[in-house]
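First the structure, in the form of C-alpha cells, and then the observations on it.
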Amino acid sequence: MAMDGQTFQESRPASQAQGLWRGCNFCMSLFFGIAAYVQVNDPDAATWILAYSIPAALSMFVSLNPQITDNILWRGLSDLHSVACILWSIYLAWYLIIHTKRSIIHEEEGSRSIGRRRLTLAAVITLLPFVSWLYIYVNKEMRKSWPSHCKTVI
C-alpha cells in the first residue's frame, strides 16, 4: 500500500505515540506485578497482592491493546478498583489516627529511617504528576490540541 509523503509523516508520530503509550503501560504492569510479588511475606499479603495485581493486569491489557479502555468491563473494573483503593485509603488513615498510641512517625508506615535524599526524592516523585498536570493545564498551546471533551475539565 503506497502512502504519499504527507500522510506517512502524519501517521508516524501517531504510531510512535501509541508505541510509547503501550510501552509505558507495559512498564507500569511490570511495576505493579513486582509490587504484588514482594508482598508475599506481608501479614496481610492477600489484600496487597490483589490491590497490586489488578492495576498490573489492567495495564498489561492496555499495553497489548490500547483500545481496550473503551471496553465496559475494563472501565468497570478500573473504576471499581479506584473506588476500593480510595475507600481503603480513607479507612487506613482513620485507623491510623484512631489507634496511634505514640507519635504517628513510630507506626509501621513511618518508622523506617529513610534519610534526607530519599525523602526529597519521594517528595519529588509524589509532586511530579501534579506539576505535570499543572504545566499542561496552564500551557494554552498544549490545550489547543486537546479533544473537545477534555477542554471542559477543571
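Ligands are numbered from 1 in the order shown, residues from 1 within each chain, and chains are lettered A, B, ... in the order they appear in the C-alpha cells.
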Q.
For the alpha helix (DSSP H) assignment from backbone DSSP, which residues of range 54-91 of chain A qualify? Please present them as a ChimeraX atom specification.
A. /A:54-64,72-91
Q. Could you name the residues that touch Leu64 in chain A at 10 Å or less, counting only C-alpha atoms, but leaving out those on the same chain fewer than 6 positions away, as number ranges by chain?
A. A: 22-23, 25-26
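If you look at CA of Ser82 in chain A and CA of Trp48 in chain A, they are 14.1 Å away from each other.
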Q: Have a look at CA of Leu50 in chain A and CA of Ala84 in chain A and let me know their distance in Å, one decimal.
A: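 CA of Ala84 in chain A lies 11.3 Å from CA of Leu50 in chain A.
As for CA of Leu127 in chain A and CA of Ser145 in chain A, they are spaced 24.8 Å apart.
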List the spatial neighbours of Tyr52 in chain A as a CSV table (one decimal) with N, CA, C and O atoms, in the first residue's frame - criterion: any atom at most 8 Å away, only C-alpha atoms, same-chain residues fewer than 3 positions off excluded.
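Contents of result_13.csv, freshly written:
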```csv
chain,number,residue,atom,x,y,z
A,32,PHE,N,3.7,-2.9,38.9
A,32,PHE,CA,2.6,-3.4,39.8
A,32,PHE,C,2.8,-4.9,40.0
A,32,PHE,O,2.5,-5.4,41.1
A,33,GLY,N,3.2,-5.6,39.0
A,33,GLY,CA,3.4,-7.0,39.2
A,33,GLY,C,4.5,-7.3,40.2
A,33,GLY,O,4.3,-8.2,41.0
A,35,ALA,N,5.4,-5.2,42.5
A,35,ALA,CA,4.9,-4.8,43.8
A,35,ALA,C,4.0,-5.8,44.4
A,35,ALA,O,4.0,-6.1,45.6
A,36,ALA,N,3.2,-6.5,43.6
A,36,ALA,CA,2.4,-7.6,44.1
A,36,ALA,C,3.2,-8.8,44.6
A,36,ALA,O,3.0,-9.3,45.7
A,48,TRP,N,-2.9,-7.0,49.7
A,48,TRP,CA,-1.9,-6.2,48.9
A,48,TRP,C,-1.6,-6.8,47.6
A,48,TRP,O,-1.4,-6.1,46.6
A,49,ILE,N,-1.5,-8.1,47.5
A,49,ILE,CA,-1.3,-8.8,46.2
A,49,ILE,C,-2.5,-8.5,45.3
A,49,ILE,O,-2.3,-8.1,44.1
A,55,PRO,N,-4.2,-3.5,39.0
A,55,PRO,CA,-3.7,-2.5,38.0
A,55,PRO,C,-2.6,-3.1,37.2
A,55,PRO,O,-2.4,-2.6,36.0
A,56,ALA,N,-1.9,-4.1,37.6
A,56,ALA,CA,-0.9,-4.8,36.8
A,56,ALA,C,-1.6,-5.4,35.6
A,56,ALA,O,-1.2,-5.3,34.4
```
(Q) So that I can see what lies close to range 72-81 of chain A, please list as a ChimeraX atom specification the residues with an atom at most 8 Å from it, counting only C-alpha atoms and leaving out residues fewer than 3 positions away in the same chain. (A) /A:51,54-55,58,68-69,84-85
